[in-house]
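Below is one structure; the comments refer to it alone.
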Amino acid sequence: MQGAELFEYSATYEDNKGKITPYLDENYVYLTNSTLWRLFYGAISDFDAGNPPLVARDIFSKMKISEDGKALDIFVESHPLPVIVSNLGVVKAKVLE
């Protein structure tokens with residue numbers, strides 16, 4: 001399909017009974033037009049940033065040098081969250097095997 005974009009989203013949350021639950025139903029795909037949703041980003045923890053240690057960016061990267069100066073670690077983190085702004089053009093389709 002020309003101009004089609006594919007995104008995979010598999011995040012979970014803990015419900016009020018302590019059960020880990022997926023945001024989207026398993027074995028389904030959700031189809032929509034790109035004008036009907038937006039991609040937002042959640043806060044990222046940066047413990048060097050102060051109190052509270054949160055950074056608001058789409059992608060956050062940081063380098064840390066070990067105490068002995070012999071190793072360099074690079075951390076990259078992102079918390080994308082697709083948000084549907086209109087349910088008028090959303091199709092939920094069950095995937096059959």
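Ordered as shown in the structure tokens, chains take letters A, B, and onward, while each chain numbers its residues from 1 and ligands are numbered from 1 in the order shown.
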Problem set entry | Residue contacts of Ala43 (chain A) (12 Å, only C-alpha atoms) excluding same-chain residues fewer than 5 positions away, as number ranges by chain | A: 52-60, 77-81
Please, could you write that set of residues out with C-alpha atoms as an mmCIF file, in the first residue's frame?
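Writing done, so here's part_19.cif:
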data_model
loop_
_atom_site.group_PDB
_atom_site.id
_atom_site.type_symbol
_atom_site.label_atom_id
_atom_site.label_comp_id
_atom_site.auth_asym_id
_atom_site.auth_seq_id
_atom_site.Cartn_x
_atom_site.Cartn_y
_atom_site.Cartn_z
ATOM 1 C CA PRO A 52 12.004 15.277 40.261
ATOM 2 C CA PRO A 53 14.412 13.551 37.886
ATOM 3 C CA LEU A 54 12.265 13.741 34.743
ATOM 4 C CA VAL A 55 13.095 14.783 31.195
ATOM 5 C CA ALA A 56 10.430 15.606 28.574
ATOM 6 C CA ARG A 57 11.867 14.614 25.181
ATOM 7 C CA ASP A 58 10.968 12.249 22.371
ATOM 8 C CA ILE A 59 14.397 10.550 22.544
ATOM 9 C CA PHE A 60 16.822 10.922 25.444
ATOM 10 C CA GLU A 77 15.502 5.786 25.916
ATOM 11 C CA SER A 78 12.118 6.748 24.495
ATOM 12 C CA HIS A 79 8.527 6.357 25.715
ATOM 13 C CA PRO A 80 6.303 6.836 22.639
ATOM 14 C CA LEU A 81 2.543 6.799 23.140
#
Exercise. Do you know which residues are at most 7 Å from Val95 (chain A) counting only C-alpha atoms, after dropping those on the same chain fewer than 2 positions away, and could you put them as number ranges by chain?
Worked result: A: 27-29, 93, 97
Output N, CA and C atoms for every residue in the selection just made, as a tab-separated table (two decimals), in the first residue's frame.
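Writing done, so here's selection-v4.tsv:
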chain	number	residue	atom	x	y	z
A	27	ASN	N	-4.07	-10.12	19.55
A	27	ASN	CA	-4.60	-10.77	18.34
A	27	ASN	C	-5.49	-9.84	17.51
A	28	TYR	N	-5.32	-8.54	17.67
A	28	TYR	CA	-6.04	-7.57	16.87
A	28	TYR	C	-5.05	-6.57	16.28
A	29	VAL	N	-5.39	-6.02	15.15
A	29	VAL	CA	-4.65	-4.88	14.61
A	29	VAL	C	-5.63	-3.71	14.54
A	93	ALA	N	-9.42	-5.02	13.74
A	93	ALA	CA	-9.58	-6.26	13.00
A	93	ALA	C	-8.90	-7.41	13.72
A	97	GLU	N	-5.25	-17.04	12.50
A	97	GLU	CA	-4.09	-17.84	12.07
A	97	GLU	C	-4.50	-18.89	11.09
Exercise. Can you list, as an NGL selection string, every residue of chain A that DSSP puts in strand (DSSP E)?
Worked result: :A and (12-14 or 20-22 or 28-31 or 37-41 or 44-45 or 54-55 or 60-65 or 72-77 or 80-84 or 91-94)
Resulting file, chosen residues, N, CA and C atoms, as a compact mmCIF listing (two decimals), in the first residue's frame:
# COMPACT_ATOMS: atom_id res chain seq x y z
N THR A 12 1.92 -2.24 28.42
CA THR A 12 0.97 -2.77 29.39
C THR A 12 0.82 -1.78 30.55
N TYR A 13 -0.20 -2.02 31.36
CA TYR A 13 -0.40 -1.24 32.58
C TYR A 13 -0.87 -2.17 33.67
N GLU A 14 -0.76 -1.74 34.91
CA GLU A 14 -1.23 -2.53 36.04
C GLU A 14 -2.61 -2.03 36.43
N ILE A 20 -1.30 -7.24 35.28
CA ILE A 20 -0.67 -6.57 34.15
C ILE A 20 -1.55 -6.80 32.92
N THR A 21 -1.99 -5.71 32.29
CA THR A 21 -2.96 -5.77 31.20
C THR A 21 -2.43 -4.99 30.00
N PRO A 22 -2.54 -5.54 28.79
CA PRO A 22 -2.11 -4.78 27.61
C PRO A 22 -3.09 -3.64 27.32
N TYR A 28 -5.32 -8.54 17.67
CA TYR A 28 -6.04 -7.57 16.87
C TYR A 28 -5.05 -6.57 16.28
N VAL A 29 -5.39 -6.02 15.15
CA VAL A 29 -4.65 -4.88 14.61
C VAL A 29 -5.63 -3.71 14.54
N TYR A 30 -5.10 -2.52 14.70
CA TYR A 30 -5.90 -1.31 14.65
C TYR A 30 -5.45 -0.50 13.44
N LEU A 31 -6.37 -0.18 12.57
CA LEU A 31 -6.06 0.55 11.35
C LEU A 31 -6.72 1.91 11.41
N TRP A 37 -4.56 10.34 14.53
CA TRP A 37 -3.81 10.04 15.74
C TRP A 37 -2.54 10.86 15.78
N ARG A 38 -1.99 11.01 16.98
CA ARG A 38 -0.75 11.75 17.20
C ARG A 38 0.18 10.87 18.04
N LEU A 39 1.46 11.11 17.92
CA LEU A 39 2.45 10.38 18.70
C LEU A 39 3.00 11.33 19.76
N PHE A 40 2.70 11.04 21.03
CA PHE A 40 3.20 11.82 22.16
C PHE A 40 4.26 10.99 22.87
N TYR A 41 4.97 11.61 23.80
CA TYR A 41 6.04 10.91 24.50
C TYR A 41 5.91 11.12 26.00
N ILE A 44 10.84 10.73 30.90
CA ILE A 44 11.95 9.79 31.05
C ILE A 44 12.72 10.17 32.31
N SER A 45 13.07 9.17 33.13
CA SER A 45 13.82 9.43 34.35
C SER A 45 15.28 9.70 34.04
N LEU A 54 12.99 14.07 35.97
CA LEU A 54 12.26 13.74 34.74
C LEU A 54 12.70 14.65 33.60
N VAL A 55 12.74 14.06 32.41
CA VAL A 55 13.09 14.78 31.19
C VAL A 55 11.95 14.61 30.21
N PHE A 60 15.86 10.43 24.47
CA PHE A 60 16.82 10.92 25.44
C PHE A 60 18.04 10.01 25.42
N SER A 61 19.21 10.60 25.27
CA SER A 61 20.44 9.81 25.30
C SER A 61 21.40 10.43 26.30
N LYS A 62 22.22 9.57 26.87
CA LYS A 62 23.17 10.02 27.88
C LYS A 62 24.39 9.12 27.85
N MET A 63 25.57 9.70 28.08
CA MET A 63 26.80 8.92 28.17
C MET A 63 27.30 8.96 29.60
N LYS A 64 27.79 7.82 30.07
CA LYS A 64 28.35 7.72 31.42
C LYS A 64 29.72 7.07 31.31
N ILE A 65 30.70 7.67 31.96
CA ILE A 65 32.05 7.09 32.02
C ILE A 65 32.19 6.40 33.37
N LEU A 72 32.86 3.43 28.64
CA LEU A 72 31.88 4.45 28.30
C LEU A 72 30.57 3.74 27.95
N ASP A 73 29.52 4.05 28.68
CA ASP A 73 28.20 3.47 28.41
C ASP A 73 27.33 4.55 27.78
N ILE A 74 26.58 4.16 26.76
CA ILE A 74 25.64 5.08 26.11
C ILE A 74 24.23 4.54 26.33
N PHE A 75 23.36 5.36 26.87
CA PHE A 75 21.97 4.99 27.14
C PHE A 75 21.06 5.79 26.21
N VAL A 76 20.11 5.11 25.60
CA VAL A 76 19.12 5.77 24.75
C VAL A 76 17.75 5.25 25.19
N GLU A 77 16.82 6.17 25.41
CA GLU A 77 15.50 5.79 25.92
C GLU A 77 14.43 6.64 25.26
N PRO A 80 7.35 6.36 23.54
CA PRO A 80 6.30 6.84 22.64
C PRO A 80 4.92 6.33 23.05
N LEU A 81 3.92 7.16 22.82
CA LEU A 81 2.54 6.80 23.14
C LEU A 81 1.63 7.31 22.03
N PRO A 82 1.12 6.39 21.18
CA PRO A 82 0.17 6.83 20.15
C PRO A 82 -1.19 7.17 20.79
N VAL A 83 -1.71 8.32 20.45
CA VAL A 83 -2.99 8.77 21.01
C VAL A 83 -3.95 9.03 19.86
N ILE A 84 -5.07 8.31 19.87
CA ILE A 84 -6.09 8.48 18.84
C ILE A 84 -6.91 9.72 19.18
N VAL A 91 -10.41 1.16 12.64
CA VAL A 91 -10.92 -0.19 12.38
C VAL A 91 -10.14 -1.16 13.26
N LYS A 92 -10.84 -1.98 14.03
CA LYS A 92 -10.22 -3.01 14.87
C LYS A 92 -10.50 -4.34 14.18
N ALA A 93 -9.42 -5.02 13.74
CA ALA A 93 -9.58 -6.26 13.00
C ALA A 93 -8.90 -7.41 13.72
N LYS A 94 -9.60 -8.53 13.88
CA LYS A 94 -9.03 -9.70 14.54
C LYS A 94 -8.11 -10.43 13.58
